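Enquirer: This is the structure I have questions about; it appears just below.
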Amino acid sequence: MNRHLISAGDLTREEAVLILDTAAELASVSDRPIRKLPTLRGRTVVNLFYEDSTRTRTSFEAAAKRLSADVINFSAKGSSVAKGESLKDTALTLEAMGSDAIVIRHPASGAPHRLAGWVSGSVINAGDGTHEHPTQALLDAFTMRERLRGPDERGAGLDGVQVTIVGDVLHSRVARSNVLLLTTLGAEVTLVAPPTLMPFAVGTWPVKISYDLDAELSKSDVIMMLRVQQERMTAAYFPSVREYRRRYGLDTGRMALLPEHAIVMHPGPMNRGVEIAADVADSARSTIVAQVANGVTVRMAVLYLLLGGAEENS
Amino acid sequence: MSTQYLIKGARIAAVANEANPANEANPANEANPANSGKDPDVGASRPADILITDGVITSVGDSLTAGGAQVIDAAGLIALPGLVDLHTHLREPGREDAETVETGTRAAALGGFTAVHAMANTEPVADTAGVVEQVWRLGQQAGYVDVRPVGAVTIGLNGKNLAELGAMADSAARVTVFSDDGHSVSDPLLMRRALEYVKAFGGVIAQHAQEPRLTEGAQLNEGEVASRLGLAGWPAAAEEAIIARDCLLAAHTGSRLHVCHVSTAGSVEIIRWAKSKGWQVTAEVTPHHLLLTDDLAENYDTFFKVNPPLRTKSDVEALRQGLADGTIDAVATDHAPHPVEAKETEWAEAAMGMTGLETALRVVQLAMVDTGLLDWAGVADRMSVRPARIGRVPGHGHPIAPGRPANITLYDADASREVVDPAAHASKSRNSPFRGMELPGKVHATFLRGVPTVLDGKPALGGKPVLDGKAMA
């Protein structure tokens with residue numbers, strides 16, 4: 001394993017499968033009466049969050065705590081960051097306090113790359129701008145494997161699985177990380193969006209492109225709906241929420257066109273009634289709650305492999 | 001007593017005196033001894049001696065005798081007419097932490113320049129006679145190069161109200177080039193008015209071509225790399241749309257347009273078309289756009305963040321071709337110094353720009369000469385003759401011939417390749433994108449009106465070594 005987890009593209013198939021297998025092992029911890037392992041006792045994990053994201057921060061926090069690490073939550077609000085401290089100075093400060101790993105969420109694409117150049121500990125990307133969110137992709141892959149292949153599957157990838165990702169691909173770090181990881185694991189990815197929300201050079205990505213959601217439904221083993229950010233709704237990416245919902249929203253009618261075994265995913269937080277209808281989000285096909293639970297175990301696996309491995313080596 | 005220098009055995013780069021078909025008042029068409037004996041390999045004449053007396057070239061020929069002159073051994077060196085930069089950010093007044101006129105012009109001299117155009121985006125903006133005269137005087141005091149202040153087109157670069165262009169033209173600084181560089185004059189009516197207005201005093205509008213709505217929040221060339229890195233794209237069309245519009249306006253108004261830092265293949269095509277119509281359009285390209293591509297941003301290294309952004313390999317090829325065939329008139333550095341903290345940050349937060357004065361000629365050798373696209377006569381044309389003509393810079397961009405002001409750069413094209421170390425640069429800033437790269441060549445000496453500003457590759461004000469910016473006694 002690399003010292004850092006910054007891009008899903010940095011993972012080989014073997015490494016990705018190792019993370020998923022490790023997560024499957026660790027999942028059993030969540031079922032015990034005492035949900036704690038001593039693995040990272042004495043190690044310090046800093047959650048450095050420059051964006052509000054309660055769900056991702058608490059997921060990393062829970063993961064680190066279940067491995068007995070000390071956790072420091074450093075949020076941009078109410079800290080010296082608000083007074084204009086640079087990312088570099090903040091990084092050096094956190095390192096001086098003895099952090100072994102920094103989990104960073106930042107609105108600027110590439111911030112984790114920059115951070116990794118300034119600190120000696122591990123850097124874990126918890127979402128950078130419109131670039132990547134690799135642990136989200138890992139938990140999505142874990143969820144797909146568990147649901148489509150069975151919970152006891154070990155060593156397997158996602159070969160041949162048809163994954164359709166729908167929505168604001170242009171601004172989505174979830175989509176970028178999923179494209180990289182899922183193709184590494186052998187899945188076949190189709191991106192569906194209005195042309196205005198496709199990345200300019202999406203034609204160079206190892207995916208199929210479609211503007212027509214209905215045409216993709218019957219071929220999909222997995223359909224992943226992306227959140228439509230409020231700010232896109234007023235910036236001429238599409239004419240209206242109503243039109244977006246009509247063309248790209250997943251409602252019960254469209255869900256009925258999916259194969260029997262297909263699952264519906266969403267990285268959250270959802271806009272119910274926009275990209276996904278409430279009936280769909282709450283249906284048996286939906287893995288949305290499972291994704292949250294799997295997020296903790298996958299992040300445990302990442303912390304365990306990045307930090308636990310380092311300890312054994314030293 | 002007169003001061004004399006004798007440059008021995010330099011290969012003098014030929015300077016053609018043909019009329020520029022599209023542009024500019026035709027420079028005097030006098031005899032040019034340097035054109036004889038041209039070496040086809042380098043476009044430079046066979047070795048000759050150059051005698052300088054009191055700032056003026058007094059003799060060019062074989063085996064000139066030294067007399068009382070100080071002799072400069074220039075065997076193996078190329079003599080170019082002193083380089084002229086159309087696009088330099090000296091940062092003073094206002095951002096003396098990044099650069100001063102003194103440090104920036106010392107860097108320019110070390111890069112072989114004898115004149116630079118100081119861009120207007122200082123604090124305060126160079127939009128009045130007072131500010132341009134201040135910058136001009138600071139240049140005179142420093143003494144390394146002729147500083148030609150560029151006047152802002154609009155007050156405070158606001159893009160709304162014309163600055164007092166006439167007052168700047170009439171000032172002691174004699175401003176001829178006007179630019180809102182850093183911003184585009186995006187309002188088409190204002191651009192039209194500016195083009196028209198400067199005809200009264202032979203001015204030129206140097207446009208930073210960037211359609212603002214198409215580049216809101218733009219971070220990197222819109223292409224494969226930006227899409228993958230999740231950085232907002234800066235589309236080529238945003239540059240090309242403004243250039244096309246401005247070419248039409250230049251034609252309509254019969255005025256002079258200069259296009260700053262052309263960066264795309266499409267821009268080259270549009271300018272080629274405008275020139276074919278006989279319109280008064282000139283253009284520049286930066287050294288970094290001749291060499292570097294957007295994939296260098298792969299690791300979000302902010303030293304590669306610049307505006308316009310680094311483009312693709314095919315753009316670089318088109319820019320080189322455009323410079324070689326004369327569609328692009330000049331190489332201009334867009335030297336943009338920034339303090340360390342402005343680059344030690346997230347990509348989106350980082351300042352745009354790169355230093356370039358001290359590496360420009362070496363990069364041009366690597367990108368244009370060593371590739372066979374341009375000979376040394378071509379380098380003289382694109383880095384001295386044409387930029388001097390566009391900026392109407394008196395005393396610069398002329399052949400190295402008797403009677404001419406002795407503005408001369410001696411360059412060692414065969415020097416062993418050296419790795420660029422920005423810490424060793426005279427510029428106050430360290431943001432060179434070429435750091436760690438091996439570049440060919442070395443500027444050996446620079447003469448400004450017969451006075452060495454650089455000797456043996458080191459600053460030498462008035463022929464004396466320089467320490468902490470002051471000539472040593």
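Residue names in the structure tokens use chain letters A, B, ... in the order shown, residue numbers from 1 in each chain, and ligand numbers from 1 in the order shown.
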Select, as a PDB file with C-alpha atoms, in the first residue's frame, those residues of chain B with any atom no more than 10 Å from chain A (distances computed using only C-alpha atoms).
Expert:
ATOM      1  CA  GLU B 222     -10.118  22.770 -20.606  1.00  0.00           C
ATOM      2  CA  GLY B 223      -9.044  19.350 -21.743  1.00  0.00           C
ATOM      3  CA  GLU B 224      -8.237  15.849 -20.628  1.00  0.00           C
ATOM      4  CA  VAL B 225      -6.066  16.902 -17.691  1.00  0.00           C
ATOM      5  CA  ALA B 226      -8.456  19.444 -16.190  1.00  0.00           C
ATOM      6  CA  SER B 227     -11.389  17.048 -16.578  1.00  0.00           C
ATOM      7  CA  ARG B 228      -9.507  14.354 -14.718  1.00  0.00           C
ATOM      8  CA  LEU B 229      -8.110  16.646 -12.031  1.00  0.00           C
ATOM      9  CA  GLY B 230     -11.488  18.216 -11.363  1.00  0.00           C
ATOM     10  CA  LEU B 231     -10.236  21.706 -12.152  1.00  0.00           C
ATOM     11  CA  ALA B 232     -12.544  24.198 -13.840  1.00  0.00           C
ATOM     12  CA  GLY B 233     -11.639  24.424 -17.518  1.00  0.00           C
ATOM     13  CA  PRO B 235     -11.455  26.791 -22.920  1.00  0.00           C
ATOM     14  CA  GLU B 298      -0.800  16.550 -12.800  1.00  0.00           C
ATOM     15  CA  ASN B 299       0.279  16.866  -9.167  1.00  0.00           C
ATOM     16  CA  TYR B 300      -1.294  20.284  -8.674  1.00  0.00           C
ATOM     17  CA  ASP B 301       2.155  21.886  -8.661  1.00  0.00           C
ATOM     18  CA  THR B 302       1.186  25.550  -8.520  1.00  0.00           C
ATOM     19  CA  GLU B 341       3.279  32.173  -0.006  1.00  0.00           C
ATOM     20  CA  GLU B 344       2.548  27.519  -1.467  1.00  0.00           C
ATOM     21  CA  THR B 345      -1.155  26.916  -1.371  1.00  0.00           C
ATOM     22  CA  GLU B 346      -4.008  24.969  -2.893  1.00  0.00           C
ATOM     23  CA  TRP B 347      -4.115  25.154  -6.704  1.00  0.00           C
ATOM     24  CA  ALA B 348      -7.319  27.178  -6.792  1.00  0.00           C
ATOM     25  CA  GLU B 349      -5.909  29.688  -4.316  1.00  0.00           C
TER      26      GLU B 349
END
Enquirer: Among range 322-380 of chain B, which ones does DSSP assign to helix (DSSP H, G or I) (computed from the backbone)? Answer as a PyMOL selection string.
Expert: chain B and resi 322-325+340-343+360-369+376-380
Enquirer: To one decimal place in Å, what is the distance between CA of Ala250 in chain B and CA of Ser267 in chain B?
Expert: 15.6 Å
Enquirer: Between CA of Ser122 in chain A and CA of Arg3 in chain A, what is the distance in Å, rounded to a tenth?
Expert: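 If I compute the distance from CA of Ser122 in chain A to CA of Arg3 in chain A, I get 5.4 Å.
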Enquirer: To one decimal place, how far is CA of Leu357 in chain B from CA of Gln140 in chain B in Å?
Expert: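 Interatomic distance here is 18.5 Å.
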Enquirer: For range 1-13 of chain B, list every protein, DNA or RNA residue within 6 Å, evaluated using only C-alpha atoms, and leave out those in the same chain fewer than 2 positions away; present the list as a VMD selection string.
Expert: chain B and resid 44 to 54 69 to 75 77 to 80 376 to 377
Enquirer: From a backbone DSSP assignment, name each residue in range 228-271 of chain B labelled strand (DSSP E), as a list in words.
Expert: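 Assigned to strand (DSSP E), within range 228-271 of chain B: Gly233, Trp234, Leu257, His258 and Val259 of chain B.
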Enquirer: Between B:Ile390, B:Met354, B:Arg362, B:Glu216, which has the minimum distance to Val259 in chain B (counting only C-alpha atoms)?
Expert: B:Ile390
Enquirer: Could you name the residues that touch range 230-238 of chain A at 12 Å or less, counting only C-alpha atoms, but leaving out those on the same chain fewer than 3 positions away, as an mmCIF file with N, CA and C atoms, in the first residue's frame?
Expert:
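Result saved to result34.cif:
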data_model
loop_
_atom_site.group_PDB
_atom_site.id
_atom_site.type_symbol
_atom_site.label_atom_id
_atom_site.label_comp_id
_atom_site.auth_asym_id
_atom_site.auth_seq_id
_atom_site.Cartn_x
_atom_site.Cartn_y
_atom_site.Cartn_z
ATOM 1 N N GLY A 167 -26.108 11.742 -13.358
ATOM 2 C CA GLY A 167 -26.254 13.074 -12.772
ATOM 3 C C GLY A 167 -25.089 13.994 -13.066
ATOM 4 N N ASP A 168 -24.758 14.816 -12.085
ATOM 5 C CA ASP A 168 -23.774 15.880 -12.267
ATOM 6 C C ASP A 168 -22.360 15.316 -12.217
ATOM 7 N N VAL A 169 -21.972 14.605 -13.277
ATOM 8 C CA VAL A 169 -20.639 14.004 -13.328
ATOM 9 C C VAL A 169 -19.577 15.100 -13.341
ATOM 10 N N LEU A 170 -19.863 16.196 -14.015
ATOM 11 C CA LEU A 170 -18.891 17.286 -14.152
ATOM 12 C C LEU A 170 -18.316 17.710 -12.811
ATOM 13 N N HIS A 171 -19.189 17.903 -11.830
ATOM 14 C CA HIS A 171 -18.732 18.426 -10.540
ATOM 15 C C HIS A 171 -18.579 17.341 -9.486
ATOM 16 N N SER A 172 -18.678 16.075 -9.879
ATOM 17 C CA SER A 172 -18.765 15.013 -8.876
ATOM 18 C C SER A 172 -17.438 14.322 -8.614
ATOM 19 N N ALA A 193 -25.846 11.750 -18.146
ATOM 20 C CA ALA A 193 -26.040 13.126 -17.674
ATOM 21 C C ALA A 193 -26.459 13.967 -18.857
ATOM 22 N N PRO A 194 -27.074 15.128 -18.592
ATOM 23 C CA PRO A 194 -27.213 16.076 -19.690
ATOM 24 C C PRO A 194 -25.809 16.499 -20.135
ATOM 25 N N PRO A 195 -25.597 16.809 -21.418
ATOM 26 C CA PRO A 195 -24.250 17.132 -21.911
ATOM 27 C C PRO A 195 -23.584 18.267 -21.139
ATOM 28 N N THR A 196 -24.381 19.162 -20.584
ATOM 29 C CA THR A 196 -23.818 20.283 -19.836
ATOM 30 C C THR A 196 -23.151 19.837 -18.545
ATOM 31 N N LEU A 197 -23.489 18.665 -18.066
ATOM 32 C CA LEU A 197 -22.933 18.196 -16.791
ATOM 33 C C LEU A 197 -21.960 17.032 -16.989
ATOM 34 N N MET A 198 -21.504 16.860 -18.247
ATOM 35 C CA MET A 198 -20.437 15.902 -18.517
ATOM 36 C C MET A 198 -19.106 16.661 -18.514
ATOM 37 N N ARG A 227 -26.064 13.469 -6.438
ATOM 38 C CA ARG A 227 -26.800 14.614 -5.921
ATOM 39 C C ARG A 227 -26.680 15.799 -6.890
ATOM 40 N N VAL A 241 -35.609 22.348 -12.502
ATOM 41 C CA VAL A 241 -35.580 21.115 -11.722
ATOM 42 C C VAL A 241 -36.612 20.130 -12.273
ATOM 43 N N ARG A 242 -37.733 20.678 -12.688
ATOM 44 C CA ARG A 242 -38.792 19.821 -13.215
ATOM 45 C C ARG A 242 -38.311 19.063 -14.442
ATOM 46 N N GLU A 243 -37.635 19.781 -15.348
ATOM 47 C CA GLU A 243 -37.147 19.099 -16.552
ATOM 48 C C GLU A 243 -36.045 18.097 -16.215
ATOM 49 N N TYR A 244 -35.198 18.475 -15.259
ATOM 50 C CA TYR A 244 -34.130 17.540 -14.866
ATOM 51 C C TYR A 244 -34.738 16.244 -14.329
ATOM 52 N N ARG A 245 -35.713 16.408 -13.444
ATOM 53 C CA ARG A 245 -36.354 15.235 -12.841
ATOM 54 C C ARG A 245 -36.991 14.365 -13.923
ATOM 55 N N ARG A 246 -37.638 15.015 -14.876
ATOM 56 C CA ARG A 246 -38.333 14.279 -15.931
ATOM 57 C C ARG A 246 -37.339 13.481 -16.779
ATOM 58 N N ARG A 247 -36.196 14.062 -17.054
ATOM 59 C CA ARG A 247 -35.249 13.393 -17.960
ATOM 60 C C ARG A 247 -34.246 12.497 -17.229
ATOM 61 N N TYR A 248 -33.853 12.894 -16.009
ATOM 62 C CA TYR A 248 -32.756 12.172 -15.351
ATOM 63 C C TYR A 248 -33.078 11.702 -13.939
ATOM 64 N N MET A 270 -29.284 13.027 -0.117
ATOM 65 C CA MET A 270 -30.209 12.992 -1.260
ATOM 66 C C MET A 270 -31.048 14.257 -1.354
ATOM 67 N N ASN A 271 -31.410 14.593 -2.590
ATOM 68 C CA ASN A 271 -32.503 15.533 -2.812
ATOM 69 C C ASN A 271 -33.710 14.683 -3.185
ATOM 70 N N VAL A 274 -35.920 15.105 -6.432
ATOM 71 C CA VAL A 274 -35.191 15.690 -7.557
ATOM 72 C C VAL A 274 -34.525 14.549 -8.330
ATOM 73 N N GLU A 275 -33.334 14.113 -7.896
ATOM 74 C CA GLU A 275 -32.690 13.039 -8.648
ATOM 75 C C GLU A 275 -33.240 11.661 -8.280
ATOM 76 N N ARG B 213 -16.887 35.537 -19.139
ATOM 77 C CA ARG B 213 -17.974 34.628 -18.755
ATOM 78 C C ARG B 213 -17.604 33.174 -19.035
ATOM 79 N N GLU B 216 -15.118 31.850 -15.991
ATOM 80 C CA GLU B 216 -15.384 32.093 -14.569
ATOM 81 C C GLU B 216 -14.822 30.941 -13.736
#
Enquirer: When you count only C-alpha atoms, which of these residues is closest to Leu189 in chain B: B:Pro459, B:Leu83, B:Gly203, B:Gly159?
Expert: B:Gly159
Enquirer: Residues within 12 Å of range 282-291 of chain A, please, as JSON, numbers by chain. Count only C-alpha atoms; anything in the same chain fewer than 5 positions from it doesn't count.
Expert: {"A": [27, 55, 56, 59, 135, 136, 137, 138, 139, 140, 141, 142, 143, 144, 145, 146, 147, 148, 221, 222, 223, 224, 225, 226, 250, 251, 252, 255, 256, 258, 259, 260, 261, 262, 263, 264, 265, 266, 267, 268, 269, 270, 272, 276, 277, 296, 297, 298, 299]}
Enquirer: Atoms to include: N, CA and C atoms. Write the selected residues as a compact mmCIF listing (two decimals), in the first residue's frame.
Expert:
# COMPACT_ATOMS: atom_id res chain seq x y z
N ALA A 27 -15.95 -5.92 9.32
CA ALA A 27 -17.40 -5.72 9.47
C ALA A 27 -17.93 -6.52 10.65
N ARG A 55 -21.60 13.71 7.78
CA ARG A 55 -21.66 12.26 7.55
C ARG A 55 -20.26 11.68 7.30
N THR A 56 -19.44 12.33 6.49
CA THR A 56 -18.12 11.77 6.21
C THR A 56 -17.21 11.89 7.44
N SER A 59 -18.16 9.36 10.03
CA SER A 59 -17.82 8.03 9.54
C SER A 59 -16.33 7.74 9.79
N THR A 135 -12.57 7.05 -0.67
CA THR A 135 -13.20 6.11 0.27
C THR A 135 -14.68 5.93 -0.05
N GLN A 136 -15.30 6.93 -0.66
CA GLN A 136 -16.70 6.76 -1.10
C GLN A 136 -16.76 5.68 -2.18
N ALA A 137 -15.80 5.73 -3.11
CA ALA A 137 -15.79 4.72 -4.17
C ALA A 137 -15.55 3.34 -3.59
N LEU A 138 -14.66 3.27 -2.58
CA LEU A 138 -14.39 1.97 -1.97
C LEU A 138 -15.63 1.42 -1.26
N LEU A 139 -16.34 2.30 -0.56
CA LEU A 139 -17.54 1.80 0.13
C LEU A 139 -18.63 1.44 -0.88
N ASP A 140 -18.66 2.16 -2.00
CA ASP A 140 -19.62 1.81 -3.04
C ASP A 140 -19.28 0.45 -3.64
N ALA A 141 -17.98 0.24 -3.92
CA ALA A 141 -17.56 -1.04 -4.49
C ALA A 141 -17.84 -2.17 -3.49
N PHE A 142 -17.57 -1.90 -2.22
CA PHE A 142 -17.83 -2.90 -1.18
C PHE A 142 -19.31 -3.28 -1.15
N THR A 143 -20.14 -2.25 -1.24
CA THR A 143 -21.59 -2.47 -1.20
C THR A 143 -22.04 -3.27 -2.42
N MET A 144 -21.51 -2.93 -3.58
CA MET A 144 -21.86 -3.67 -4.81
C MET A 144 -21.45 -5.12 -4.69
N ARG A 145 -20.25 -5.35 -4.21
CA ARG A 145 -19.76 -6.73 -4.13
C ARG A 145 -20.60 -7.54 -3.15
N GLU A 146 -20.90 -6.91 -2.01
CA GLU A 146 -21.68 -7.58 -0.98
C GLU A 146 -23.08 -7.94 -1.49
N ARG A 147 -23.71 -6.98 -2.18
CA ARG A 147 -25.08 -7.19 -2.61
C ARG A 147 -25.20 -8.07 -3.84
N LEU A 148 -24.24 -7.95 -4.76
CA LEU A 148 -24.36 -8.69 -6.02
C LEU A 148 -23.64 -10.03 -5.98
N ASP A 221 -26.78 -3.33 -13.69
CA ASP A 221 -26.81 -4.09 -12.44
C ASP A 221 -26.85 -3.14 -11.24
N VAL A 222 -26.25 -1.98 -11.46
CA VAL A 222 -26.20 -0.96 -10.41
C VAL A 222 -26.57 0.37 -11.03
N ILE A 223 -27.42 1.11 -10.36
CA ILE A 223 -27.66 2.48 -10.80
C ILE A 223 -27.36 3.41 -9.63
N MET A 224 -26.45 4.33 -9.89
CA MET A 224 -25.99 5.23 -8.84
C MET A 224 -26.43 6.65 -9.19
N MET A 225 -27.24 7.23 -8.33
CA MET A 225 -27.76 8.58 -8.57
C MET A 225 -26.89 9.59 -7.84
N LEU A 226 -26.46 10.61 -8.55
CA LEU A 226 -25.64 11.65 -7.92
C LEU A 226 -26.52 12.81 -7.49
N LEU A 250 -34.74 9.34 -10.99
CA LEU A 250 -35.11 7.93 -10.87
C LEU A 250 -36.39 7.83 -10.05
N ASP A 251 -37.48 7.51 -10.75
CA ASP A 251 -38.76 7.35 -10.07
C ASP A 251 -39.17 5.86 -10.12
N THR A 252 -40.31 5.54 -9.59
CA THR A 252 -40.71 4.13 -9.54
C THR A 252 -40.91 3.55 -10.93
N MET A 255 -37.56 2.71 -12.12
CA MET A 255 -36.99 1.61 -11.33
C MET A 255 -37.54 0.27 -11.82
N ALA A 256 -38.79 0.28 -12.28
CA ALA A 256 -39.41 -0.96 -12.75
C ALA A 256 -38.73 -1.50 -14.00
N LEU A 258 -35.51 -1.67 -14.35
CA LEU A 258 -34.23 -2.27 -13.97
C LEU A 258 -34.38 -3.79 -13.89
N PRO A 259 -33.30 -4.53 -14.12
CA PRO A 259 -33.36 -5.97 -13.91
C PRO A 259 -33.74 -6.28 -12.46
N GLU A 260 -34.24 -7.47 -12.25
CA GLU A 260 -34.74 -7.89 -10.93
C GLU A 260 -33.69 -7.71 -9.82
N HIS A 261 -32.44 -8.03 -10.14
CA HIS A 261 -31.39 -8.06 -9.11
C HIS A 261 -30.72 -6.69 -8.91
N ALA A 262 -31.07 -5.72 -9.76
CA ALA A 262 -30.31 -4.46 -9.76
C ALA A 262 -30.52 -3.69 -8.45
N ILE A 263 -29.46 -2.97 -8.06
CA ILE A 263 -29.54 -2.16 -6.84
C ILE A 263 -29.46 -0.67 -7.18
N VAL A 264 -30.01 0.12 -6.26
CA VAL A 264 -30.04 1.57 -6.43
C VAL A 264 -29.16 2.19 -5.34
N MET A 265 -28.20 3.02 -5.79
CA MET A 265 -27.26 3.62 -4.83
C MET A 265 -27.32 5.14 -4.90
N HIS A 266 -26.90 5.76 -3.82
CA HIS A 266 -26.80 7.22 -3.76
C HIS A 266 -25.78 7.56 -2.68
N PRO A 267 -24.81 8.42 -2.98
CA PRO A 267 -23.79 8.72 -1.98
C PRO A 267 -24.30 9.62 -0.85
N GLY A 268 -25.48 10.20 -1.04
CA GLY A 268 -26.03 11.10 -0.04
C GLY A 268 -25.23 12.38 0.04
N PRO A 269 -25.80 13.41 0.59
CA PRO A 269 -27.19 13.50 0.99
C PRO A 269 -28.12 13.64 -0.23
N MET A 270 -29.28 13.03 -0.12
CA MET A 270 -30.21 12.99 -1.26
C MET A 270 -31.05 14.26 -1.35
N ARG A 272 -34.47 14.29 -2.19
CA ARG A 272 -35.65 13.47 -2.50
C ARG A 272 -36.58 14.29 -3.40
N ILE A 276 -33.88 11.56 -7.13
CA ILE A 276 -34.39 10.26 -6.71
C ILE A 276 -35.74 10.45 -5.99
N ALA A 277 -36.71 9.64 -6.39
CA ALA A 277 -38.02 9.72 -5.74
C ALA A 277 -37.95 9.03 -4.38
N VAL A 296 -18.18 3.02 7.33
CA VAL A 296 -17.36 2.91 8.54
C VAL A 296 -16.37 1.75 8.40
N THR A 297 -16.83 0.61 7.95
CA THR A 297 -15.91 -0.54 7.88
C THR A 297 -14.85 -0.36 6.81
N VAL A 298 -15.23 0.23 5.69
CA VAL A 298 -14.24 0.45 4.64
C VAL A 298 -13.18 1.46 5.12
N ARG A 299 -13.61 2.46 5.85
CA ARG A 299 -12.64 3.45 6.35
C ARG A 299 -11.77 2.85 7.45
Enquirer: Between A:Arg13, A:Ala126, A:Thr164, A:Ile19, which has the minimum distance to Thr54 in chain A (counting only C-alpha atoms)?
Expert: A:Ala126
Enquirer: Excluding Asp85 in chain B and its own-chain neighbours fewer than 3 positions away, which residues fall within 8 Å of it when counting only C-alpha atoms? Please give them as an NGL selection string.
Expert: :B and (88 or 113 or 115-117 or 331-333 or 383-384 or 387)
Enquirer: Please save N, CA and C atoms of the selected residues as a JSON list (two decimals), in the first residue's frame.
Expert:
[["chain", "number", "residue", "atom", "x", "y", "z"],
["B", 88, "THR", "N", 6.35, 42.47, -19.22],
["B", 88, "THR", "CA", 7.08, 42.19, -17.97],
["B", 88, "THR", "C", 6.27, 42.75, -16.81],
["B", 113, "PHE", "N", 18.17, 41.13, -21.93],
["B", 113, "PHE", "CA", 17.27, 42.20, -22.36],
["B", 113, "PHE", "C", 17.92, 43.57, -22.15],
["B", 115, "ALA", "N", 15.61, 46.29, -23.01],
["B", 115, "ALA", "CA", 14.41, 47.10, -22.80],
["B", 115, "ALA", "C", 13.27, 46.17, -22.40],
["B", 116, "VAL", "N", 12.47, 46.62, -21.45],
["B", 116, "VAL", "CA", 11.29, 45.84, -21.05],
["B", 116, "VAL", "C", 10.08, 46.77, -20.96],
["B", 117, "HIS", "N", 8.92, 46.21, -21.24],
["B", 117, "HIS", "CA", 7.67, 46.94, -21.07],
["B", 117, "HIS", "C", 7.05, 46.51, -19.75],
["B", 331, "VAL", "N", 8.50, 36.97, -29.06],
["B", 331, "VAL", "CA", 8.49, 36.24, -27.80],
["B", 331, "VAL", "C", 8.46, 37.29, -26.70],
["B", 332, "ALA", "N", 7.52, 37.15, -25.79],
["B", 332, "ALA", "CA", 7.43, 38.07, -24.66],
["B", 332, "ALA", "C", 7.30, 37.24, -23.39],
["B", 333, "THR", "N", 7.99, 37.66, -22.33],
["B", 333, "THR", "CA", 8.13, 36.72, -21.20],
["B", 333, "THR", "C", 6.87, 36.56, -20.36],
["B", 383, "MET", "N", 12.82, 38.55, -30.93],
["B", 383, "MET", "CA", 13.06, 38.96, -29.54],
["B", 383, "MET", "C", 13.63, 40.37, -29.43],
["B", 384, "SER", "N", 13.91, 41.01, -30.57],
["B", 384, "SER", "CA", 14.43, 42.37, -30.50],
["B", 384, "SER", "C", 13.77, 43.28, -31.54],
["B", 387, "PRO", "N", 9.60, 43.19, -31.49],
["B", 387, "PRO", "CA", 9.03, 43.80, -30.27],
["B", 387, "PRO", "C", 9.37, 45.28, -30.14]]
Enquirer: Identify, on the basis of only C-alpha atoms, every residue whose closest approach to range 91-102 of chain A does not exceed 8 Å; exclude the query and any residue fewer than 5 positions from it along the same chain; express the result as a list in words.
Expert: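 Everything that qualifies: Arg43, Thr44, Val45, Val46, Asn47, Leu48, Leu115, Trp118, Val119, Ser120, Gly121, Ser122, Val123, Ile124 and Leu307 of chain A.
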